[in-house]
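Visitor: To be precise about what I am sending: the file is called structure00.txt and holds compact mmCIF, C-alpha atoms and all ligand atoms.
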# COMPACT_ATOMS: atom_id res chain seq x y z
CA MET A 1 66.77 245.55 -77.27
CA TRP A 2 65.89 241.94 -76.81
CA CYS A 3 62.63 242.14 -74.95
CA SER A 4 60.28 243.85 -77.38
CA ARG A 5 57.45 241.76 -78.81
CA VAL A 6 58.96 242.11 -82.27
CA SER A 7 62.37 240.88 -81.25
CA LEU A 8 60.84 238.08 -79.19
CA ARG A 9 59.01 236.83 -82.24
CA ARG A 10 62.24 236.96 -84.20
CA LEU A 11 63.97 235.18 -81.34
CA GLN A 12 61.41 232.38 -81.39
CA HIS A 13 62.06 231.95 -85.09
CA ILE A 14 65.82 231.86 -84.65
CA ALA A 15 65.59 229.60 -81.64
CA VAL A 16 63.70 226.79 -83.26
CA ALA A 17 65.59 226.93 -86.55
CA PRO A 18 68.24 224.29 -85.83
CA LEU A 19 65.75 221.75 -84.61
CA ASN A 20 63.34 222.34 -87.46
CA LEU A 21 66.23 221.86 -89.85
CA PHE A 22 67.10 218.65 -88.06
CA ARG A 23 63.55 217.38 -88.11
CA ASN A 24 62.88 218.39 -91.72
CA ALA A 25 66.22 217.51 -93.23
CA THR A 26 65.94 215.06 -96.09
CA ALA A 27 69.50 215.24 -97.44
CA GLY A 28 71.66 212.53 -95.91
CA ALA A 29 74.63 214.90 -95.51
CA VAL A 30 72.59 217.30 -93.41
CA GLN A 31 71.24 214.43 -91.35
CA ARG A 32 74.74 213.16 -90.69
CA ASN A 33 76.08 216.62 -89.77
CA MET A 34 73.22 217.25 -87.41
CA SER A 35 73.48 213.88 -85.76
CA SER A 36 77.17 214.44 -84.99
CA MET A 37 76.28 217.64 -83.17
CA SER A 38 76.04 217.83 -79.40
CA LYS A 39 72.52 218.13 -78.04
CA VAL A 40 71.81 221.12 -75.84
CA TYR A 41 68.71 222.10 -73.91
CA VAL A 42 68.24 225.80 -73.14
CA THR A 43 65.78 226.24 -70.29
CA ARG A 44 64.63 229.80 -71.08
CA GLN A 45 64.56 232.38 -73.82
CA ILE A 46 67.89 234.08 -73.40
CA PRO A 47 69.08 237.23 -75.19
CA PRO A 48 69.59 236.29 -78.88
CA VAL A 49 73.33 236.90 -78.81
CA GLY A 50 73.82 233.68 -76.83
CA LEU A 51 71.61 231.64 -79.11
CA LYS A 52 73.45 233.04 -82.13
CA ILE A 53 76.75 231.89 -80.66
CA LEU A 54 75.36 228.38 -80.20
CA GLN A 55 73.86 228.37 -83.67
CA GLU A 56 76.92 229.69 -85.46
CA SER A 57 79.26 227.31 -83.67
CA GLY A 58 78.08 224.51 -85.92
CA GLN A 59 78.85 222.38 -82.89
CA VAL A 60 75.47 221.99 -81.24
CA GLN A 61 71.80 221.56 -81.97
CA TYR A 62 69.71 223.09 -79.26
CA GLU A 63 66.16 223.03 -78.11
CA LEU A 64 64.74 225.93 -76.18
CA TRP A 65 61.95 226.42 -73.65
CA ASP A 66 60.35 229.06 -75.75
CA SER A 67 59.08 231.47 -73.13
CA ASP A 68 60.36 234.31 -71.05
CA ASP A 69 57.25 234.60 -68.92
CA VAL A 70 57.13 231.19 -67.26
CA PRO A 71 59.91 228.81 -66.32
CA VAL A 72 59.86 225.42 -67.96
CA PRO A 73 57.63 223.12 -65.87
CA ARG A 74 59.69 220.60 -63.94
CA LYS A 75 58.00 217.62 -65.65
CA GLU A 76 58.79 219.01 -69.08
CA LEU A 77 62.35 219.80 -68.06
CA LEU A 78 62.93 216.26 -66.82
CA GLN A 79 61.73 214.98 -70.21
CA LYS A 80 63.68 217.44 -72.29
CA VAL A 81 67.05 216.87 -70.64
CA LYS A 82 67.04 213.17 -71.48
CA GLY A 83 70.22 212.38 -73.39
CA VAL A 84 71.47 215.96 -73.74
CA ASP A 85 75.19 216.71 -73.77
CA ALA A 86 74.84 220.14 -72.21
CA LEU A 87 72.33 222.30 -70.44
CA LEU A 88 72.10 226.09 -70.51
CA CYS A 89 69.96 227.15 -67.57
CA VAL A 90 68.97 230.16 -65.52
CA LEU A 91 68.50 230.51 -61.78
CA THR A 92 64.90 229.27 -61.74
CA GLU A 93 65.89 225.70 -62.57
CA LYS A 94 66.96 223.38 -59.78
CA ILE A 95 69.78 221.27 -61.10
CA ASP A 96 69.78 218.42 -58.61
CA ALA A 97 70.25 214.64 -58.48
CA GLU A 98 66.79 213.98 -59.92
CA LEU A 99 67.46 216.17 -62.93
CA LEU A 100 70.96 214.84 -63.49
CA ASP A 101 69.64 211.27 -63.32
CA ALA A 102 66.95 212.19 -65.85
CA ALA A 103 69.58 213.71 -68.15
CA GLY A 104 71.72 210.60 -68.04
CA PRO A 105 75.38 209.95 -68.68
CA ASN A 106 75.76 212.10 -71.82
CA LEU A 107 75.51 215.31 -69.81
CA LYS A 108 78.97 216.86 -69.64
CA VAL A 109 78.32 220.56 -69.13
CA VAL A 110 75.90 222.76 -67.20
CA SER A 111 76.19 226.44 -68.02
CA THR A 112 74.13 228.81 -65.91
CA MET A 113 73.37 232.36 -67.02
CA SER A 114 73.90 233.70 -63.52
CA VAL A 115 76.62 234.53 -61.07
CA GLY A 116 74.68 232.79 -58.28
CA PHE A 117 74.82 229.01 -58.22
CA ASP A 118 72.66 228.07 -55.23
CA HIS A 119 70.22 226.43 -57.68
CA LEU A 120 72.91 223.90 -58.62
CA SER A 121 73.71 220.83 -56.50
CA LEU A 122 77.45 221.18 -56.79
CA GLU A 123 78.13 217.92 -54.99
CA GLU A 124 75.98 215.97 -57.43
CA LEU A 125 77.58 217.70 -60.40
CA LYS A 126 81.04 216.99 -59.08
CA LYS A 127 80.21 213.35 -58.38
CA ARG A 128 79.21 212.92 -62.01
CA GLY A 129 82.19 214.82 -63.43
CA ILE A 130 79.93 217.47 -64.97
CA ARG A 131 81.61 220.81 -65.59
CA VAL A 132 79.86 224.03 -64.59
CA GLY A 133 80.04 227.45 -66.24
CA TYR A 134 78.62 230.63 -64.69
CA THR A 135 78.64 234.37 -65.39
CA PRO A 136 80.50 236.42 -62.76
CA GLU A 137 82.10 239.83 -63.38
CA VAL A 138 80.01 240.80 -66.43
CA LEU A 139 77.17 241.76 -64.07
CA THR A 140 79.19 243.46 -61.33
CA ASP A 141 78.55 247.02 -62.55
CA ALA A 142 74.84 246.50 -63.10
CA VAL A 143 74.32 244.87 -59.70
CA ALA A 144 76.36 247.52 -57.88
CA GLU A 145 74.46 250.30 -59.64
CA LEU A 146 71.07 248.80 -58.75
CA THR A 147 72.18 248.26 -55.15
CA VAL A 148 73.01 251.95 -54.83
CA ALA A 149 69.68 252.88 -56.42
CA LEU A 150 67.82 250.60 -54.00
CA LEU A 151 69.76 251.92 -51.03
CA LEU A 152 68.92 255.51 -51.91
CA ALA A 153 65.29 254.68 -52.70
CA THR A 154 64.99 253.07 -49.27
CA SER A 155 66.96 255.53 -47.17
CA ARG A 156 65.44 258.64 -48.79
CA ARG A 157 61.97 257.03 -48.96
CA LEU A 158 61.53 257.63 -52.68
CA ILE A 159 58.75 255.10 -53.22
CA GLU A 160 56.70 256.49 -50.34
CA ALA A 161 57.35 260.01 -51.59
CA THR A 162 56.16 259.40 -55.18
CA HIS A 163 53.11 257.63 -53.78
CA GLU A 164 52.29 260.61 -51.55
CA ALA A 165 52.79 263.03 -54.42
CA LYS A 166 50.49 261.06 -56.70
CA THR A 167 47.75 260.35 -54.19
CA GLY A 168 47.15 263.73 -52.58
CA GLY A 169 49.33 263.29 -49.50
CA TRP A 170 51.48 266.23 -50.61
CA GLY A 171 50.19 269.11 -48.51
CA THR A 172 52.28 272.05 -47.49
CA TRP A 173 56.06 271.79 -47.20
CA ARG A 174 56.71 270.29 -43.79
CA THR A 175 59.88 270.26 -41.72
CA LEU A 176 60.14 266.57 -40.90
CA TRP A 177 57.83 264.98 -43.46
CA LEU A 178 59.41 262.08 -45.39
CA CYS A 179 62.80 262.62 -43.80
CA GLY A 180 65.25 259.81 -44.30
CA HIS A 181 68.86 258.94 -43.56
CA GLU A 182 71.79 260.23 -45.57
CA LEU A 183 75.02 258.62 -46.63
CA ALA A 184 77.28 261.55 -45.76
CA ASN A 185 79.28 260.76 -42.61
CA SER A 186 77.80 257.27 -42.41
CA THR A 187 79.35 253.86 -41.84
CA VAL A 188 78.53 251.35 -44.55
CA GLY A 189 78.83 247.67 -43.71
CA ILE A 190 79.27 244.99 -46.33
CA PHE A 191 78.39 241.43 -45.48
CA GLY A 192 80.44 239.27 -47.88
CA LEU A 193 83.19 241.24 -49.58
CA GLY A 194 83.67 240.21 -53.19
CA ARG A 195 83.76 242.06 -56.51
CA ILE A 196 80.19 243.27 -56.09
CA GLY A 197 80.75 244.58 -52.55
CA VAL A 198 83.80 246.51 -53.72
CA ALA A 199 81.89 247.93 -56.70
CA ILE A 200 79.07 249.07 -54.40
CA ALA A 201 81.53 250.77 -52.04
CA GLU A 202 83.30 252.48 -54.94
CA ARG A 203 79.99 253.96 -56.05
CA LEU A 204 79.00 254.99 -52.52
CA ALA A 205 82.32 256.63 -51.60
CA PRO A 206 81.57 259.89 -53.50
CA PHE A 207 78.49 260.32 -51.29
CA LYS A 208 81.00 261.11 -48.50
CA VAL A 209 80.67 257.84 -46.61
CA LYS A 210 82.89 258.14 -43.53
CA LYS A 211 83.86 254.48 -43.16
CA PHE A 212 83.48 251.13 -44.89
CA ILE A 213 83.53 247.99 -42.74
CA TYR A 214 83.00 244.39 -43.81
CA THR A 215 82.81 240.88 -42.59
CA ASP A 216 83.39 237.58 -44.31
CA VAL A 217 84.63 234.10 -43.43
CA GLU A 218 88.10 235.60 -43.34
CA PRO A 219 89.72 239.00 -44.03
CA ARG A 220 90.10 239.87 -47.72
CA PRO A 221 92.93 242.42 -47.53
CA GLU A 222 93.44 242.79 -51.28
CA LEU A 223 89.83 243.65 -52.00
CA ALA A 224 89.45 245.64 -48.77
CA SER A 225 92.42 247.85 -49.63
CA LEU A 226 90.61 249.00 -52.79
CA ILE A 227 87.94 250.68 -50.67
CA ASN A 228 89.88 251.18 -47.47
CA ALA A 229 87.53 248.88 -45.60
CA GLU A 230 88.08 247.54 -42.11
CA TYR A 231 87.50 243.86 -41.31
CA VAL A 232 85.14 243.42 -38.35
CA SER A 233 83.14 240.65 -36.70
CA MET A 234 79.50 240.05 -37.64
CA ASP A 235 78.50 241.58 -34.31
CA GLU A 236 80.45 244.75 -34.93
CA LEU A 237 79.12 244.96 -38.47
CA ALA A 238 75.59 244.92 -37.09
CA LYS A 239 76.32 247.42 -34.34
CA ARG A 240 78.33 249.95 -36.34
CA SER A 241 76.64 249.99 -39.76
CA ASP A 242 74.29 252.80 -40.70
CA PHE A 243 73.74 250.95 -43.96
CA LEU A 244 74.28 247.21 -44.12
CA ALA A 245 74.41 245.53 -47.52
CA ALA A 246 74.27 241.75 -47.88
CA CYS A 247 76.51 240.79 -50.79
CA CYS A 248 77.27 237.17 -49.95
CA ALA A 249 76.50 233.96 -51.82
CA LEU A 250 73.71 231.76 -50.44
CA THR A 251 75.32 228.68 -48.92
CA PRO A 252 74.33 226.40 -46.04
CA GLU A 253 76.46 228.69 -43.83
CA THR A 254 74.76 231.93 -44.90
CA LYS A 255 71.15 230.61 -45.00
CA GLU A 256 69.00 233.00 -42.95
CA ILE A 257 72.10 234.48 -41.34
CA CYS A 258 70.43 237.90 -41.42
CA ASN A 259 67.99 237.12 -38.64
CA LYS A 260 66.66 238.38 -35.32
CA ASP A 261 70.10 238.12 -33.76
CA LEU A 262 71.61 240.45 -36.38
CA PHE A 263 68.67 242.87 -36.61
CA SER A 264 68.47 243.20 -32.82
CA LYS A 265 72.05 244.50 -32.76
CA MET A 266 71.55 247.03 -35.54
CA LYS A 267 70.87 250.71 -34.92
CA LYS A 268 67.26 251.87 -34.98
CA THR A 269 68.28 254.29 -37.73
CA SER A 270 69.98 251.69 -39.91
CA ILE A 271 69.01 250.53 -43.36
CA PHE A 272 69.36 246.91 -44.51
CA ILE A 273 69.87 246.15 -48.21
CA ASN A 274 69.87 242.75 -49.89
CA THR A 275 70.72 242.20 -53.55
CA SER A 276 72.29 238.76 -53.07
CA ARG A 277 69.77 235.99 -52.43
CA GLY A 278 66.54 236.05 -50.46
CA GLY A 279 67.60 232.92 -48.60
CA VAL A 280 70.25 234.78 -46.57
CA VAL A 281 67.45 236.61 -44.74
CA HIS A 282 65.03 235.24 -42.18
CA GLN A 283 62.04 237.13 -43.56
CA GLU A 284 59.76 236.85 -40.52
CA ASP A 285 62.55 238.29 -38.36
CA LEU A 286 63.05 241.07 -40.89
CA TYR A 287 59.33 241.83 -40.84
CA ASP A 288 59.43 242.06 -37.04
CA ALA A 289 62.52 244.30 -37.10
CA LEU A 290 60.89 246.65 -39.62
CA SER A 291 57.44 246.74 -38.09
CA THR A 292 58.67 247.34 -34.54
CA GLY A 293 61.15 250.04 -35.55
CA GLN A 294 64.13 247.90 -34.62
CA ILE A 295 65.68 249.07 -37.90
CA ALA A 296 64.63 252.01 -40.07
CA GLY A 297 64.18 250.36 -43.43
CA ALA A 298 65.03 247.56 -45.82
CA GLY A 299 65.54 247.39 -49.57
CA LEU A 300 65.24 243.92 -51.07
CA ASP A 301 65.86 242.87 -54.65
CA VAL A 302 65.59 239.21 -53.69
CA THR A 303 63.10 237.31 -51.56
CA VAL A 304 61.85 233.84 -50.71
CA PRO A 305 59.89 232.83 -52.65
CA GLU A 306 60.25 234.65 -55.95
CA PRO A 307 57.91 236.10 -56.93
CA LEU A 308 56.93 237.16 -53.43
CA PRO A 309 53.13 236.75 -53.15
CA THR A 310 51.42 240.13 -53.36
CA ASP A 311 49.71 239.50 -50.00
CA HIS A 312 53.03 238.93 -48.23
CA PRO A 313 53.27 240.97 -44.98
CA LEU A 314 56.51 242.65 -46.16
CA PHE A 315 54.50 244.40 -48.88
CA THR A 316 52.38 246.10 -46.20
CA LEU A 317 55.35 247.97 -44.77
CA LYS A 318 56.12 251.49 -45.94
CA ASN A 319 59.73 251.10 -44.83
CA CYS A 320 60.38 248.07 -47.02
CA VAL A 321 61.18 248.58 -50.71
CA ILE A 322 60.88 245.39 -52.72
CA LEU A 323 62.13 244.93 -56.27
CA PRO A 324 61.54 241.84 -58.44
CA HIS A 325 65.13 240.54 -58.69
CA ILE A 326 66.35 243.03 -61.29
CA ALA A 327 69.88 243.78 -60.10
CA SER A 328 71.57 242.56 -63.28
CA ALA A 329 68.75 243.70 -65.55
CA SER A 330 70.45 246.08 -67.95
CA TYR A 331 70.42 245.30 -71.66
CA SER A 332 74.19 245.29 -71.99
CA THR A 333 74.73 243.08 -68.95
CA ARG A 334 72.07 240.53 -69.85
CA ASN A 335 73.54 240.34 -73.37
CA GLU A 336 77.00 239.74 -71.93
CA MET A 337 75.65 237.10 -69.57
CA SER A 338 73.94 235.34 -72.46
CA ALA A 339 77.09 235.37 -74.61
CA LEU A 340 79.28 234.20 -71.73
CA ALA A 341 76.90 231.36 -70.85
CA ALA A 342 76.91 230.19 -74.48
CA ASN A 343 80.68 230.42 -74.80
CA ASN A 344 81.24 228.60 -71.50
CA LEU A 345 78.99 225.82 -72.73
CA LEU A 346 80.76 225.44 -76.08
CA LEU A 347 84.22 225.47 -74.48
CA GLY A 348 83.10 222.88 -71.96
CA LEU A 349 81.84 220.61 -74.71
CA ARG A 350 85.19 220.97 -76.49
CA ALA A 351 86.88 219.92 -73.24
CA LYS A 352 88.63 223.31 -73.09
CA PRO A 353 88.87 225.63 -70.07
CA MET A 354 85.73 227.75 -69.87
CA ILE A 355 85.95 231.53 -69.65
CA LYS A 356 84.28 231.36 -66.22
CA GLU A 357 84.13 227.92 -64.70
CA LEU A 358 83.21 226.93 -61.16
CA LYS A 359 85.90 224.94 -59.45
CA LEU A 360 84.07 221.94 -58.03
O1 LIG A 401 72.84 235.27 -59.90
C1 LIG A 401 72.62 236.15 -60.71
O2 LIG A 401 73.19 236.18 -61.81
C2 LIG A 401 71.67 237.26 -60.39
O3 LIG A 401 70.99 237.06 -59.23
C3 LIG A 401 70.70 237.47 -61.53
O4 LIG A 401 71.39 238.01 -62.56
How would this structure read if it were set down as structure tokens?
Ligand SMILES: O=C(O)[C@H](O)CO

Guide:
Amino acid sequence: MWCSRVSLRRLQHIAVAPLNLFRNATAGAVQRNMSSMSKVYVTRQIPPVGLKILQESGQVQYELWDSDDVPVPRKELLQKVKGVDALLCVLTEKIDAELLDAAGPNLKVVSTMSVGFDHLSLEELKKRGIRVGYTPEVLTDAVAELTVALLLATSRRLIEATHEAKTGGWGTWRTLWLCGHELANSTVGIFGLGRIGVAIAERLAPFKVKKFIYTDVEPRPELASLINAEYVSMDELAKRSDFLAACCALTPETKEICNKDLFSKMKKTSIFINTSRGGVVHQEDLYDALSTGQIAGAGLDVTVPEPLPTDHPLFTLKNCVILPHIASASYSTRNEMSALAANNLLLGLRAKPMIKELKL
């Protein structure tokens, strides 16, 4: 476990060790060794396994934003990145022209502990010849599992049901009370078919789903054949899906693509699920679709902004289940993401191919 108070305290100790050694070193040899090391800034407490990899590499000295509760303030980040050779970040940091300018010409590698990369200005990184590592695949199982959990919680109204049970709403057994929609005999639509979409479909298939359909910029026959999914247009996806899961990356093309136009074509009994990025949804349109009964329910693990303010209208809807961006939050997955981000960074600094590198 890496998130207990005890282990966090230990983590803080481990995390600052290299810099303290650097600052306190009196022996010339140590000074020389440390000064030949690459400088790395880590923008968040990450699971210790990643920090250990950095530490034991003997290749880098790193400084860490020593908190898990708040992201590093932008001003501090712009200061801290000055002169670094590499940056290990998470999805809360915007890596844009301003930040890259602040970092300066030493910056060779940005390694993000995420599969999503919409927080990175890829054009700016490419222009400067900076290599980018990310963490796909290691989180596929965790994200797919959470998506299924969210889908079921939404379609079978689990959150409403526990609330009713706890607060006295549970009267006699009633014939239509808290009825939801079931997966058996349903059509599941996947918007953006990649590894995660396939993994979701594989987990849903045993629930006796009748048909998987998907849309994407183009057909993906190899992936589709794994789940026997049919390629359809966006329109058809909206019209035919009983459950529609957004699994696409957030790009300029997908920004707010799940909007009034899409929701208005969906069935009144359909359930919309988003575990990709909040930005792919037009939230006001979603609110309207949910509050007017245009669609039956929505399960969101991602929103704009994050955190979603507690007085946001979506929180007032019983048919909207909102989670705080936890799709990849299993201990094993977050540890693997941390290790992969650290290894990508070290390989990048050695000018070797990273384990998972974005092609810019
Ligand atoms: O992009 C990612 O990695 C997820 O959204 C968080 O793990």

Visitor: Between atom CA of Ala97 of chain A and atom CA of Lys127 of chain A, what is the distance in Å, rounded to a tenth?

Guide: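 Distance between the two atoms: 10.0 Å.
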
Visitor: What is the atom CA of Val49 of chain A to atom CA of Ile95 of chain A distance in Å?

Guide: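 Straight-line distance from atom CA of Val49 of chain A to atom CA of Ile95 of chain A works out to 23.9 Å.
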
Visitor: In Å, with one decimal, what is the gap from atom O3 of ligand LIG 401 (chain A) to atom CA of Asp118 of chain A?

Guide: 10.0 Å

Visitor: Neighbours of ligand LIG 401 (chain A) within 6 Å, counting only C-alpha atoms and all ligand atoms, as a ChimeraX atom specification?

Guide: /A:114-116,328

Visitor: Measuring between all atoms listed in the file, which one of A:Leu183, A:Leu178, A:Met37, A:Val72 shows the shortest distance to Thr92 of chain A?

Guide: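 Selected residue with least distance to Thr92 of chain A: A:Val72.
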
Visitor: Closest to Leu250 of chain A among A:Thr275, A:Thr187, A:Asn228, A:Ser111, using only C-alpha atoms?

Guide: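 Of all the options, A:Thr275 lies closest to Leu250 of chain A.
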
Visitor: Quick one: residues within 12 Å of Gln59 of chain A, only C-alpha atoms counted, chain neighbours fewer than 6 positions away excluded, as a PyMOL selection string?

Guide: chain A and resi 18+33-40+52-53+85-86+342-343+345-350

Visitor: Which one of A:Leu151, A:Met113, A:Cys258, A:Leu317 sits closest to Pro136 of chain A if you count all atoms listed in the file?

Guide: A:Met113

Visitor: So which residues fall inside 12 Å of (66.1, 210.2, -68.9) if we count all atoms listed in the file? Mind giving them as a count of residues only?

Guide: 20

Visitor: Could you name the residues that touch segment 191-205 of chain A at 7 Å or less, counting all atoms listed in the file, but leaving out those on the same chain fewer than 2 positions away, as an NGL selection string?

Guide: :A and (140-141 or 144 or 147-148 or 189 or 207-209 or 214-216 or 223 or 227 or 245-248)

Visitor: Which neighbours of segment 297-306 of chain A fall inside 7 Å, counting only C-alpha atoms, when residues of the same chain fewer than 5 positions from it are skipped, and could you give them as JSON, numbers by chain?

Guide: {"A": [150, 151, 154, 155, 270, 271, 272, 273, 274, 275, 276, 277, 278, 279, 290, 319, 320, 321, 322, 323, 324, 325, 326, 327]}

Visitor: The residues within 12 Å of (76.7, 234.3, -82.2), using only C-alpha atoms and the coordinates of the file, should be reported as a ChimeraX atom specification; which are they?

Guide: /A:14,47-58,335-336,338-343,346

Visitor: Taking all atoms of segment 311-314 of chain A that the file lists, what box with edges along x, y and z, padded by 3 Å per side, do you get, with centre and edge lengths in Å to one decimal, as lines of an AutoDock Vina configuration file?

Guide:
center_x = 53.1
center_y = 240.8
center_z = -47.5
size_x = 12.8
size_y = 9.7
size_z = 11.0

Visitor: Return the single residue from A:Arg157, A:Leu226, A:Gln294, A:Asn344 that is closest to Leu87 of chain A, with distances computed using only C-alpha atoms.

Guide: A:Asn344

Visitor: Find the spatial neighbours of Val138 of chain A, counting only C-alpha atoms, within a cut-off of 7 Å - ignore same-chain residues fewer than 3 positions away - and output them as an MDAnalysis selection string.

Guide: chainID A and resid 135 333 336:337

Visitor: Write out as a short mmCIF file (atom, residue, chain, number, x, y, z; two decimals) with C-alpha atoms, in the coordinates of the input each polymer residue whose atoms come within 6 Å of Gln45 of chain A, counting all atoms listed in the file; drop sequence neighbours fewer than 4 positions from it.

Guide:
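Writing done, so here's part05.cif:
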data_model
loop_
_atom_site.label_atom_id
_atom_site.label_comp_id
_atom_site.auth_asym_id
_atom_site.auth_seq_id
_atom_site.Cartn_x
_atom_site.Cartn_y
_atom_site.Cartn_z
CA ASP A 66 60.35 229.06 -75.75
CA SER A 67 59.08 231.47 -73.13
CA ASP A 68 60.36 234.31 -71.05
#
